[in-house]
$ cat work-v7.csv   # CSV, C-alpha atoms
chain,number,residue,atom,x,y,z
A,4,THR,CA,2.9,-20.0,-32.9
A,5,MET,CA,3.1,-22.5,-30.0
A,6,GLU,CA,-0.1,-24.2,-28.9
A,7,GLY,CA,-0.6,-27.1,-26.5
A,8,VAL,CA,3.1,-27.4,-25.7
A,9,GLU,CA,4.5,-28.7,-22.4
A,10,VAL,CA,8.1,-28.0,-21.3
A,11,SER,CA,9.4,-29.3,-18.0
A,12,GLY,CA,12.6,-30.2,-16.2
A,13,GLY,CA,15.0,-27.7,-17.8
A,14,VAL,CA,18.4,-27.8,-16.0
A,15,GLN,CA,21.1,-25.2,-16.1
A,16,ASP,CA,24.4,-26.6,-17.4
A,17,PRO,CA,27.4,-24.3,-18.1
A,18,GLU,CA,29.2,-27.0,-20.1
A,19,THR,CA,26.4,-27.4,-22.7
A,20,GLY,CA,25.1,-23.9,-22.4
A,21,ALA,CA,21.7,-25.0,-21.2
A,22,ASP,CA,20.2,-22.1,-19.3
A,23,GLY,CA,17.6,-23.9,-17.3
A,24,HIS,CA,14.6,-22.1,-18.8
A,25,GLY,CA,11.6,-23.9,-20.2
A,26,LEU,CA,11.2,-21.4,-23.1
A,27,ALA,CA,13.5,-18.5,-24.0
A,28,ILE,CA,12.2,-15.9,-26.5
A,29,VAL,CA,15.0,-13.7,-27.8
A,30,ALA,CA,15.1,-10.8,-30.3
A,31,ALA,CA,18.0,-8.5,-30.9
A,32,ALA,CA,17.4,-5.0,-29.6
A,33,ASP,CA,18.4,-3.5,-33.0
A,34,ALA,CA,16.4,-5.9,-35.1
A,35,GLY,CA,13.8,-3.4,-36.2
A,36,ALA,CA,10.1,-4.3,-35.9
A,37,LEU,CA,9.2,-6.2,-32.8
A,38,PRO,CA,8.8,-9.9,-33.6
A,39,SER,CA,5.6,-11.5,-32.4
A,40,VAL,CA,5.3,-15.0,-30.9
A,41,MET,CA,2.0,-16.5,-29.9
A,42,VAL,CA,2.1,-19.0,-27.0
A,43,SER,CA,-1.3,-20.5,-26.1
A,44,ASP,CA,-2.6,-23.4,-24.0
A,45,SER,CA,0.9,-24.4,-23.1
A,46,ARG,CA,2.5,-25.4,-19.8
A,47,PHE,CA,6.0,-24.6,-18.5
A,48,THR,CA,6.7,-26.4,-15.2
A,49,GLY,CA,9.5,-27.6,-13.0
A,50,ASN,CA,12.3,-25.8,-14.8
A,51,GLU,CA,15.4,-24.9,-12.8
A,52,ARG,CA,15.3,-21.2,-13.6
A,53,MET,CA,12.5,-19.6,-15.6
A,54,GLY,CA,9.4,-21.1,-17.1
A,55,VAL,CA,9.4,-18.5,-19.9
A,56,ALA,CA,12.2,-15.9,-20.3
A,57,VAL,CA,11.8,-13.0,-22.7
A,58,PHE,CA,14.8,-11.0,-23.9
A,59,GLY,CA,15.8,-8.1,-26.2
A,60,ASP,CA,12.9,-6.6,-28.2
A,61,ALA,CA,10.8,-9.7,-28.2
A,62,ALA,CA,7.0,-9.2,-27.8
A,63,PRO,CA,5.3,-12.5,-27.2
A,64,ASN,CA,1.6,-13.0,-26.6
A,65,ILE,CA,1.2,-15.6,-23.9
A,66,VAL,CA,-2.4,-16.6,-23.5
A,67,ALA,CA,-4.3,-19.2,-21.4
A,68,SER,CA,-1.1,-21.0,-20.4
A,69,GLU,CA,0.6,-22.2,-17.2
A,70,ALA,CA,3.9,-21.4,-15.6
A,71,SER,CA,4.4,-23.5,-12.4
A,72,ASP,CA,7.0,-24.7,-10.0
A,73,ASN,CA,9.9,-23.0,-11.7
A,74,GLY,CA,12.9,-22.2,-9.5
A,75,VAL,CA,13.5,-18.5,-10.3
A,76,CYS,CA,10.3,-17.2,-11.9
A,77,GLY,CA,7.3,-18.3,-13.9
A,78,ILE,CA,7.4,-15.7,-16.7
A,79,CYS,CA,10.1,-13.0,-16.9
A,80,PHE,CA,10.5,-10.0,-19.2
A,81,PHE,CA,13.9,-8.3,-19.5
A,82,ASP,CA,15.7,-5.7,-21.6
A,83,GLU,CA,13.2,-3.8,-23.8
A,84,SER,CA,10.8,-6.6,-24.3
A,85,GLN,CA,7.1,-6.0,-24.6
A,86,GLY,CA,4.2,-8.3,-25.3
A,87,ARG,CA,1.3,-9.6,-23.1
A,88,VAL,CA,0.5,-12.2,-20.6
A,89,THR,CA,-3.2,-12.8,-20.1
A,90,GLY,CA,-5.5,-15.6,-18.8
A,91,THR,CA,-2.5,-17.5,-17.5
A,92,LEU,CA,-2.0,-19.5,-14.3
A,93,VAL,CA,1.3,-18.7,-12.6
A,94,THR,CA,1.8,-20.8,-9.4
A,95,GLY,CA,4.4,-22.3,-7.2
A,96,ASN,CA,7.4,-20.3,-8.5
A,97,GLY,CA,10.0,-18.3,-6.6
A,98,LEU,CA,8.7,-15.1,-8.4
A,99,GLY,CA,5.5,-15.3,-10.4
A,100,ILE,CA,5.8,-12.7,-13.2
A,101,VAL,CA,8.7,-10.3,-13.5
A,102,ALA,CA,9.1,-7.1,-15.6
A,103,GLY,CA,12.8,-5.9,-15.3
A,104,GLY,CA,15.2,-3.9,-17.3
A,105,ALA,CA,13.2,-1.5,-19.5
A,106,ALA,CA,10.5,-4.0,-20.3
A,107,MET,CA,7.0,-2.8,-21.0
A,108,PRO,CA,4.7,-5.9,-21.0
A,109,SER,CA,1.0,-5.9,-20.4
A,110,ILE,CA,0.1,-8.3,-17.5
A,111,TRP,CA,-3.6,-8.7,-17.7
A,112,GLU,CA,-6.2,-10.9,-15.9
A,113,ASN,CA,-3.9,-13.7,-14.8
A,114,THR,CA,-4.3,-16.0,-11.8
A,115,VAL,CA,-1.0,-15.7,-9.7
A,116,ARG,CA,-0.9,-17.8,-6.6
A,117,ASP,CA,1.3,-19.6,-4.1
A,118,ASN,CA,4.6,-17.9,-5.2
A,119,GLU,CA,7.0,-16.1,-2.9
A,120,VAL,CA,6.2,-12.9,-4.8
A,121,GLY,CA,3.4,-12.8,-7.2
A,122,ILE,CA,4.3,-10.0,-9.7
A,123,VAL,CA,7.6,-8.1,-9.6
A,124,VAL,CA,8.3,-4.8,-11.4
A,125,GLN,CA,11.9,-3.6,-11.1
A,126,ASP,CA,14.7,-1.6,-12.6
A,127,GLU,CA,13.2,0.9,-15.1
A,128,ALA,CA,10.3,-1.3,-16.3
A,129,SER,CA,7.0,0.3,-17.1
A,130,PRO,CA,4.4,-2.4,-17.4
A,131,ALA,CA,0.6,-2.3,-17.2
A,132,VAL,CA,-0.5,-4.7,-14.4
A,133,PHE,CA,-4.3,-4.8,-14.8
A,134,GLY,CA,-7.1,-7.0,-13.4
A,135,ASN,CA,-5.0,-9.9,-12.0
A,136,THR,CA,-6.0,-12.1,-9.1
A,137,LEU,CA,-3.2,-12.8,-6.7
A,138,THR,CA,-3.7,-15.3,-3.9
A,139,ALA,CA,-1.5,-16.6,-1.0
A,140,ASN,CA,1.8,-15.3,-2.3
A,141,SER,CA,3.8,-15.7,0.8
A,142,ASP,CA,6.0,-12.6,0.8
A,143,THR,CA,4.3,-10.0,-1.4
A,144,GLY,CA,1.5,-10.0,-4.0
A,145,ILE,CA,2.8,-7.2,-6.2
A,146,GLU,CA,6.1,-5.5,-5.7
A,147,VAL,CA,7.2,-2.4,-7.6
A,148,SER,CA,10.8,-1.2,-7.0
A,149,GLY,CA,13.8,0.4,-8.6
A,150,GLU,CA,13.0,3.4,-10.8
A,151,SER,CA,10.1,1.7,-12.4
A,152,VAL,CA,6.9,3.5,-13.5
A,153,ALA,CA,4.1,1.0,-13.3
A,154,ARG,CA,0.4,1.2,-13.8
A,155,VAL,CA,-1.1,-1.1,-11.2
A,156,VAL,CA,-4.9,-1.0,-11.7
A,157,GLY,CA,-7.9,-3.1,-10.7
A,158,ASN,CA,-6.0,-6.1,-9.2
A,159,ARG,CA,-7.2,-8.3,-6.3
A,160,VAL,CA,-4.5,-9.3,-3.8
A,161,GLU,CA,-5.6,-11.7,-1.0
A,162,ASP,CA,-4.4,-13.9,1.8
A,163,GLY,CA,-0.7,-13.2,1.6
A,164,GLY,CA,2.1,-11.3,3.4
A,165,ARG,CA,2.2,-7.8,2.0
A,166,GLY,CA,-0.4,-7.2,-0.6
A,167,LEU,CA,1.1,-4.4,-2.7
A,168,VAL,CA,4.6,-2.8,-2.1
A,169,ILE,CA,5.9,0.3,-3.8
A,170,ALA,CA,9.6,0.8,-2.9
A,171,ASP,CA,12.9,2.4,-3.8
A,172,SER,CA,12.2,5.5,-6.0
A,173,ALA,CA,9.3,3.9,-8.0
A,174,THR,CA,6.4,6.0,-9.2
A,175,GLY,CA,3.4,5.4,-11.3
A,176,VAL,CA,-0.3,4.9,-10.6
A,177,VAL,CA,-1.8,2.5,-8.1
A,178,ARG,CA,-5.6,2.6,-8.7
A,179,GLY,CA,-8.7,0.6,-7.8
A,180,ASN,CA,-7.0,-2.4,-6.3
A,181,GLU,CA,-8.5,-4.6,-3.5
A,182,MET,CA,-6.3,-6.1,-0.8
A,183,ASP,CA,-8.1,-8.6,1.4
A,184,GLY,CA,-6.7,-10.7,4.2
A,185,ASN,CA,-3.1,-9.7,3.9
A,186,GLU,CA,-0.8,-8.8,6.8
A,187,VAL,CA,-0.3,-5.3,5.2
A,188,GLY,CA,-2.6,-4.2,2.4
A,189,LEU,CA,-0.4,-1.5,0.8
A,190,LEU,CA,3.2,-0.4,1.8
A,191,VAL,CA,4.8,2.6,0.2
A,192,THR,CA,8.4,2.9,1.4
A,193,ASP,CA,11.9,4.2,0.7
A,194,ASP,CA,11.7,7.2,-1.7
A,195,ALA,CA,8.7,6.0,-3.6
A,196,ALA,CA,6.1,8.6,-4.6
A,197,PRO,CA,3.2,6.9,-6.5
A,198,GLU,CA,-0.2,8.3,-7.1
A,199,VAL,CA,-2.5,6.1,-5.1
A,200,VAL,CA,-6.2,6.4,-5.8
A,201,SER,CA,-9.4,4.5,-4.8
A,202,ASN,CA,-7.8,1.4,-3.2
A,203,ARG,CA,-9.4,-0.8,-0.6
A,204,ALA,CA,-8.0,-3.0,2.1
A,205,ALA,CA,-10.0,-5.4,4.3
A,206,ALA,CA,-9.1,-7.7,7.1
A,207,SER,CA,-5.5,-6.7,7.3
A,208,SER,CA,-3.8,-8.4,10.3
A,209,VAL,CA,-1.1,-5.7,10.9
A,210,ALA,CA,-2.1,-2.6,8.9
A,211,ALA,CA,-4.2,-1.6,5.9
A,212,PHE,CA,-2.0,1.1,4.5
A,213,VAL,CA,1.6,2.0,5.5
A,214,TYR,CA,3.9,4.9,4.4
A,215,ALA,CA,7.5,4.5,5.6
A,216,GLY,CA,11.1,5.6,4.8
A,217,GLN,CA,11.0,8.9,2.9
A,218,ALA,CA,7.9,8.0,0.9
A,219,ALA,CA,5.7,10.8,-0.5
A,220,GLY,CA,3.2,11.2,-3.2
A,221,GLU,CA,-0.6,11.6,-3.1
A,222,ALA,CA,-3.2,9.2,-1.9
A,223,ARG,CA,-7.0,9.7,-2.4
A,224,SER,CA,-10.0,7.7,-1.5
A,225,LEU,CA,-8.4,5.0,0.6
A,226,ARG,CA,-10.9,2.6,2.2
A,227,SER,CA,-10.5,-0.1,4.9
A,228,ASP,CA,-12.7,-2.3,7.0
A,229,GLY,CA,-11.2,-4.3,9.9
A,230,HIS,CA,-7.6,-3.7,10.9
A,231,PRO,CA,-5.4,-3.1,14.0
A,232,VAL,CA,-4.1,0.0,12.2
A,233,GLY,CA,-5.9,1.6,9.3
A,234,LEU,CA,-3.2,4.0,8.0
A,235,GLN,CA,0.3,4.3,9.4
A,236,VAL,CA,2.8,7.0,8.5
A,237,GLY,CA,6.3,6.6,9.9
A,238,GLY,CA,10.0,7.2,9.2
A,239,SER,CA,10.1,10.6,7.6
A,240,ALA,CA,7.4,9.9,5.1
A,241,ALA,CA,5.2,12.8,4.2
A,242,PRO,CA,2.3,11.8,1.9
A,243,VAL,CA,-0.7,14.0,1.1
A,244,LEU,CA,-3.7,11.9,2.1
A,245,GLU,CA,-7.2,12.9,1.2
A,246,ASP,CA,-10.7,11.4,1.6
A,247,VAL,CA,-9.6,8.4,3.7
A,248,ARG,CA,-12.4,6.3,5.2
A,249,LEU,CA,-11.5,3.7,7.8
A,250,ARG,CA,-13.8,1.4,9.9
A,251,SER,CA,-12.8,-1.0,12.6
A,252,ASP,CA,-13.9,-2.3,16.0
A,253,GLU,CA,-10.3,-2.2,17.3
A,254,GLY,CA,-6.9,-0.5,17.2
A,255,VAL,CA,-6.0,2.9,15.7
A,256,GLY,CA,-7.5,4.5,12.7
A,257,VAL,CA,-4.6,6.7,11.6
A,258,LEU,CA,-1.2,6.4,13.3
A,259,TYR,CA,1.7,8.9,12.9
A,260,LEU,CA,5.0,7.9,14.5
A,261,GLU,CA,8.7,8.6,14.3
A,262,ASP,CA,9.2,11.7,12.1
A,263,GLY,CA,6.1,11.2,10.0
A,264,GLY,CA,4.5,14.2,8.4
A,265,GLY,CA,2.5,15.4,5.4
A,266,SER,CA,-1.2,16.1,5.6
A,267,LEU,CA,-4.4,14.3,6.3
A,268,LEU,CA,-7.4,16.0,4.7
A,269,GLY,CA,-11.0,15.1,5.3
A,270,ALA,CA,-10.6,11.7,6.9
A,271,ASP,CA,-13.7,9.9,8.0
A,272,LEU,CA,-12.9,7.4,10.8
A,273,GLU,CA,-15.4,5.2,12.6
A,274,GLY,CA,-14.9,2.9,15.6
A,275,HIS,CA,-11.4,2.0,16.7
A,276,GLU,CA,-10.0,2.4,20.2
A,277,THR,CA,-8.2,5.6,19.1
A,278,GLY,CA,-9.2,7.5,16.0
A,279,ILE,CA,-6.0,9.3,15.3
A,280,GLN,CA,-2.7,8.9,17.3
A,281,VAL,CA,0.3,11.1,16.7
A,282,GLY,CA,3.5,10.0,18.5
A,283,GLY,CA,7.2,10.2,18.2
A,284,ALA,CA,8.3,13.5,16.7
A,285,ALA,CA,5.6,13.4,14.0
A,286,VAL,CA,4.2,16.7,12.8
A,287,PRO,CA,1.3,16.1,10.5
A,288,GLU,CA,-1.2,18.7,9.3
A,289,ILE,CA,-4.7,17.3,10.0
A,290,VAL,CA,-7.5,19.2,8.5
A,291,GLY,CA,-11.2,18.6,8.5
A,292,GLY,CA,-13.0,15.2,8.6
A,293,SER,CA,-14.5,13.3,11.5
A,294,VAL,CA,-13.7,10.8,14.2
A,295,ARG,CA,-16.8,8.9,15.5
A,296,GLU,CA,-17.4,6.4,18.2
A,297,ALA,CA,-13.8,5.7,19.3
A,298,THR,CA,-14.0,3.6,22.4
A,299,ALA,CA,-11.1,5.4,24.2
A,300,THR,CA,-9.7,8.6,22.6
A,301,GLY,CA,-10.7,10.5,19.5
A,302,VAL,CA,-7.4,12.1,18.8
A,303,LEU,CA,-4.2,11.5,20.9
A,304,TYR,CA,-0.9,13.3,20.9
A,305,ALA,CA,2.0,11.8,22.8
A,306,GLU,CA,5.8,11.9,23.1
A,307,THR,CA,7.2,15.0,21.3
A,308,ALA,CA,4.6,15.1,18.5
A,309,GLY,CA,3.4,18.4,17.1
A,310,GLY,CA,1.8,19.6,13.9
A,311,SER,CA,-1.7,20.9,13.7
A,312,LEU,CA,-5.3,19.8,14.1
A,313,ASP,CA,-7.8,22.0,12.4
A,314,GLY,CA,-11.6,21.8,11.9
A,315,ILE,CA,-12.1,18.1,12.7
A,316,GLU,CA,-15.3,16.8,14.4
A,317,ILE,CA,-14.8,14.3,17.3
A,318,GLU,CA,-18.0,12.6,18.5
A,319,GLY,CA,-18.7,9.8,21.0
A,320,ALA,CA,-15.1,9.1,22.2
A,321,ASP,CA,-14.6,8.6,25.9
A,322,ILE,CA,-11.9,11.4,25.8
A,323,GLY,CA,-12.3,13.6,22.7
A,324,LEU,CA,-8.7,15.0,22.5
A,325,PHE,CA,-5.8,14.0,24.7
A,326,VAL,CA,-2.4,15.9,24.6
A,327,GLY,CA,0.3,14.2,26.7
A,328,GLY,CA,4.0,13.5,26.9
A,329,ASP,CA,5.8,16.5,25.6
A,330,ALA,CA,3.5,16.9,22.6
A,331,ALA,CA,2.7,20.5,21.6
A,332,PRO,CA,0.3,20.6,18.7
A,333,SER,CA,-1.7,23.5,17.4
A,334,ILE,CA,-5.5,22.8,17.9
A,335,THR,CA,-7.8,25.1,16.0
A,336,GLY,CA,-11.5,25.1,15.3
A,337,ILE,CA,-12.3,21.5,16.3
A,338,ARG,CA,-15.6,20.3,17.7
A,339,VAL,CA,-15.8,17.7,20.4
A,340,ALA,CA,-19.2,16.2,21.3
A,341,ASP,CA,-20.5,13.6,23.7
A,342,SER,CA,-17.2,12.6,25.4
A,343,PRO,CA,-18.2,11.3,28.9
A,344,SER,CA,-14.7,11.6,30.6
A,345,ALA,CA,-13.3,14.8,29.0
A,346,GLY,CA,-13.7,16.9,25.9
A,347,ILE,CA,-10.1,18.1,25.7
A,348,LEU,CA,-7.5,16.9,28.2
A,349,TYR,CA,-3.9,18.1,28.6
A,350,ALA,CA,-1.8,15.9,30.9
A,351,GLU,CA,1.9,15.1,31.7
A,352,ARG,CA,3.8,17.9,30.0
A,353,GLY,CA,1.5,18.5,27.1
A,354,GLY,CA,1.6,21.9,25.5
A,355,GLY,CA,0.9,23.7,22.3
A,356,SER,CA,-2.2,25.8,21.8
A,357,ALA,CA,-6.0,25.5,21.6
A,358,VAL,CA,-7.9,28.3,19.9
A,359,GLY,CA,-11.5,28.6,18.8
A,360,ASN,CA,-12.6,25.1,19.7
A,361,THR,CA,-16.0,23.9,20.8
A,362,VAL,CA,-16.9,21.2,23.4
A,363,VAL,CA,-20.5,20.1,23.9
A,364,GLY,CA,-22.0,17.3,25.9
A,365,ALA,CA,-18.8,16.4,27.9
A,366,GLY,CA,-19.8,14.4,30.9
A,367,SER,CA,-17.2,15.3,33.5
A,368,VAL,CA,-15.2,18.2,32.2
A,369,GLY,CA,-15.0,20.2,29.0
A,370,ILE,CA,-11.3,21.2,29.0
A,371,GLN,CA,-9.0,19.9,31.6
A,372,ILE,CA,-5.3,20.8,32.3
A,373,GLY,CA,-3.5,18.4,34.7
A,374,ASP,CA,0.0,17.2,35.7
A,375,GLN,CA,2.6,19.6,34.4
A,376,ALA,CA,0.8,20.4,31.2
A,377,ALA,CA,1.2,24.0,30.1
A,378,PRO,CA,-0.4,24.9,26.8
A,379,ASP,CA,0.8,28.3,25.4
A,380,ALA,CA,-2.6,29.5,24.5
A,381,LEU,CA,-6.2,28.7,25.4
A,382,GLU,CA,-8.3,31.2,23.7
A,383,ASP,CA,-11.9,31.5,22.5
A,384,ASN,CA,-12.9,28.0,23.4
A,385,THR,CA,-16.5,27.2,24.3
$ encode --input "work-v7.csv" --output "structure tokens"
Amino acid sequence: TMEGVEVSGGVQDPETGADGHGLAIVAAADAGALPSVMVSDSRFTGNERMGVAVFGDAAPNIVASEASDNGVCGICFFDESQGRVTGTLVTGNGLGIVAGGAAMPSIWENTVRDNEVGIVVQDEASPAVFGNTLTANSDTGIEVSGESVARVVGNRVEDGGRGLVIADSATGVVRGNEMDGNEVGLLVTDDAAPEVVSNRAAASSVAAFVYAGQAAGEARSLRSDGHPVGLQVGGSAAPVLEDVRLRSDEGVGVLYLEDGGGSLLGADLEGHETGIQVGGAAVPEIVGGSVREATATGVLYAETAGGSLDGIEIEGADIGLFVGGDAAPSITGIRVADSPSAGILYAERGGGSAVGNTVVGAGSVGIQIGDQAAPDALEDNT
């Protein structure tokens, strides 16, 4: 047991073998039962490399302590280490808390602030990251990468760069987290395919939720208030998105670009300049849900976008549905209400089909085809 200890100023020195850590906890991987070390009310600060480094099969319990201003990381778990960090302040480090190798620590209810990256999960680690508060970490709050399988649950990430990042081929569960005041709330990229459930992002300065690269997986019950972009799907990402609710006085609710695809099921979008925008060569399947009170366009297709739009309700947008560029979506069973400029407008070289749709309360025109637009089929629309 270590209680009330302060370790500072560790320097790496190859000649003496000094590793530059404040505290190194080491147990051989074949030593049998996991050795337990209790560290409480202790402080590890200003060390050249790591405040606390955990190797082998070690399983320390680090409670109510502090790891601050260490060069590489505050507290790092490697190899097959386990243990727990709880109630600890981790601040001013390069990386705050790291789980690497095949480590399986529990990282619970810590305060992690003013690091470059708050919590890092990498390699094949599988930690539980629960209930932490991460503030003003300049690059990223929580980053999960490699082939790791993390449970990231109930954390609050605020006032940083990217709130939560899932990258490489990482999987696992991302549930019940709140991201507030970050540039990007949640980014899923590369080949990552986590299960994302009941997360909320507010006051994001760039975007609330972003899928990029070849990201996939399922996301349910995403919520956001106040953002230039609520949900962005780009690259060749193809997530399944269900029960998405986004509110903002500006920007775009859902933005598909590049080769983005997948499906958007039952989205509820309120406000925004444009509710849903599909550009590039994106081909999403959009089914059900509603777009209300968009100041410009309810749903907009541009460039060479395609895919399908089925059964959505668009209400109160200046233009309900716009199909332009060389876009050619399939539009089926939508309802457009109270659009003063146009209910459905095809322009430029817009194409595709519109079958079984309803337009009510359009001020100037219900369905308009202009420029060189030439949809393949306009049938059973009222």
$ residues_around --input "work-v7.csv" --residues "range 332-334 of chain A" --least-positions-apart "4" --cutoff "9 Å" --atoms "only C-alpha atoms" --output "number ranges by chain"
A: 286, 304, 308-314, 326, 353-360
$ closest_residue --input "work-v7.csv" --among "A:Val294, A:Val255, A:Leu26, A:Ile372" --to "Asp271 in chain A" --atoms "only C-alpha atoms"
A:Val294
$ atom_distance --input "work-v7.csv" --atom1 "CA of Gly292 in chain A" --atom2 "CA of Val362 in chain A"
16.4 Å
$ atom_distance --input "work-v7.csv" --atom1 "CA of Asp171 in chain A" --atom2 "CA of Ala218 in chain A"
8.9 Å
$ residues_around --input "work-v7.csv" --residues "range 71-83 of chain A" --least-positions-apart "4" --cutoff "7 Å" --atoms "all atoms listed in the file" --output "ChimeraX atom specification"
/A:47-60,93-107
$ atom_distance --input "work-v7.csv" --atom1 "CA of Ala320 in chain A" --atom2 "CA of Glu351 in chain A"
20.4 Å
$ closest_residue --input "work-v7.csv" --among "A:Ala365, A:Ala131, A:Ala70, A:Val156" --to "Asn118 in chain A" --atoms "all atoms listed in the file"
A:Ala70
$ closest_residue --input "work-v7.csv" --among "A:Ser227, A:Asn135, A:Ser84, A:Asn64" --to "Gly274 in chain A" --atoms "only C-alpha atoms"
A:Ser227
$ build_atoms --input "work-v7.csv" --residues "range 173-186 of chain A" --atoms "N, CA, C and O atoms" --output "PDB file, keeping the file's coordinate frame"
ATOM      1  N   ALA A 173      10.377   4.182  -7.020  1.00  0.00           N
ATOM      2  CA  ALA A 173       9.300   3.900  -8.000  1.00  0.00           C
ATOM      3  C   ALA A 173       8.208   4.930  -7.924  1.00  0.00           C
ATOM      4  O   ALA A 173       7.924   5.501  -6.867  1.00  0.00           O
ATOM      5  N   THR A 174       7.583   5.151  -9.071  1.00  0.00           N
ATOM      6  CA  THR A 174       6.400   6.000  -9.200  1.00  0.00           C
ATOM      7  C   THR A 174       5.320   5.296  -9.900  1.00  0.00           C
ATOM      8  O   THR A 174       5.230   4.092  -9.839  1.00  0.00           O
ATOM      9  N   GLY A 175       4.490   6.036 -10.591  1.00  0.00           N
ATOM     10  CA  GLY A 175       3.400   5.400 -11.300  1.00  0.00           C
ATOM     11  C   GLY A 175       2.075   5.584 -10.646  1.00  0.00           C
ATOM     12  O   GLY A 175       1.908   6.407  -9.734  1.00  0.00           O
ATOM     13  N   VAL A 176       1.096   4.782 -11.069  1.00  0.00           N
ATOM     14  CA  VAL A 176      -0.300   4.900 -10.600  1.00  0.00           C
ATOM     15  C   VAL A 176      -0.700   3.571  -9.966  1.00  0.00           C
ATOM     16  O   VAL A 176      -0.513   2.501 -10.556  1.00  0.00           O
ATOM     17  N   VAL A 177      -1.286   3.652  -8.787  1.00  0.00           N
ATOM     18  CA  VAL A 177      -1.800   2.500  -8.100  1.00  0.00           C
ATOM     19  C   VAL A 177      -3.320   2.816  -7.870  1.00  0.00           C
ATOM     20  O   VAL A 177      -3.669   3.628  -7.017  1.00  0.00           O
ATOM     21  N   ARG A 178      -4.194   2.194  -8.654  1.00  0.00           N
ATOM     22  CA  ARG A 178      -5.600   2.600  -8.700  1.00  0.00           C
ATOM     23  C   ARG A 178      -6.546   1.424  -8.633  1.00  0.00           C
ATOM     24  O   ARG A 178      -6.382   0.444  -9.353  1.00  0.00           O
ATOM     25  N   GLY A 179      -7.561   1.546  -7.801  1.00  0.00           N
ATOM     26  CA  GLY A 179      -8.700   0.600  -7.800  1.00  0.00           C
ATOM     27  C   GLY A 179      -8.329  -0.822  -7.503  1.00  0.00           C
ATOM     28  O   GLY A 179      -8.996  -1.750  -7.975  1.00  0.00           O
ATOM     29  N   ASN A 180      -7.323  -1.034  -6.660  1.00  0.00           N
ATOM     30  CA  ASN A 180      -7.000  -2.400  -6.300  1.00  0.00           C
ATOM     31  C   ASN A 180      -7.650  -2.759  -4.950  1.00  0.00           C
ATOM     32  O   ASN A 180      -7.945  -1.903  -4.121  1.00  0.00           O
ATOM     33  N   GLU A 181      -7.892  -4.053  -4.768  1.00  0.00           N
ATOM     34  CA  GLU A 181      -8.500  -4.600  -3.500  1.00  0.00           C
ATOM     35  C   GLU A 181      -7.508  -5.521  -2.880  1.00  0.00           C
ATOM     36  O   GLU A 181      -7.052  -6.471  -3.512  1.00  0.00           O
ATOM     37  N   MET A 182      -7.201  -5.257  -1.616  1.00  0.00           N
ATOM     38  CA  MET A 182      -6.300  -6.100  -0.800  1.00  0.00           C
ATOM     39  C   MET A 182      -7.123  -6.677   0.325  1.00  0.00           C
ATOM     40  O   MET A 182      -7.672  -5.917   1.127  1.00  0.00           O
ATOM     41  N   ASP A 183      -7.205  -7.985   0.412  1.00  0.00           N
ATOM     42  CA  ASP A 183      -8.100  -8.600   1.400  1.00  0.00           C
ATOM     43  C   ASP A 183      -7.340  -9.739   2.112  1.00  0.00           C
ATOM     44  O   ASP A 183      -6.803 -10.653   1.477  1.00  0.00           O
ATOM     45  N   GLY A 184      -7.287  -9.654   3.443  1.00  0.00           N
ATOM     46  CA  GLY A 184      -6.700 -10.700   4.200  1.00  0.00           C
ATOM     47  C   GLY A 184      -5.231 -10.848   4.216  1.00  0.00           C
ATOM     48  O   GLY A 184      -4.682 -11.908   4.515  1.00  0.00           O
ATOM     49  N   ASN A 185      -4.531  -9.769   3.888  1.00  0.00           N
ATOM     50  CA  ASN A 185      -3.100  -9.700   3.900  1.00  0.00           C
ATOM     51  C   ASN A 185      -2.592  -9.212   5.288  1.00  0.00           C
ATOM     52  O   ASN A 185      -3.357  -8.610   6.034  1.00  0.00           O
ATOM     53  N   GLU A 186      -1.314  -9.414   5.584  1.00  0.00           N
ATOM     54  CA  GLU A 186      -0.800  -8.800   6.800  1.00  0.00           C
ATOM     55  C   GLU A 186      -0.807  -7.275   6.663  1.00  0.00           C
ATOM     56  O   GLU A 186      -1.297  -6.579   7.541  1.00  0.00           O
TER      57      GLU A 186
END
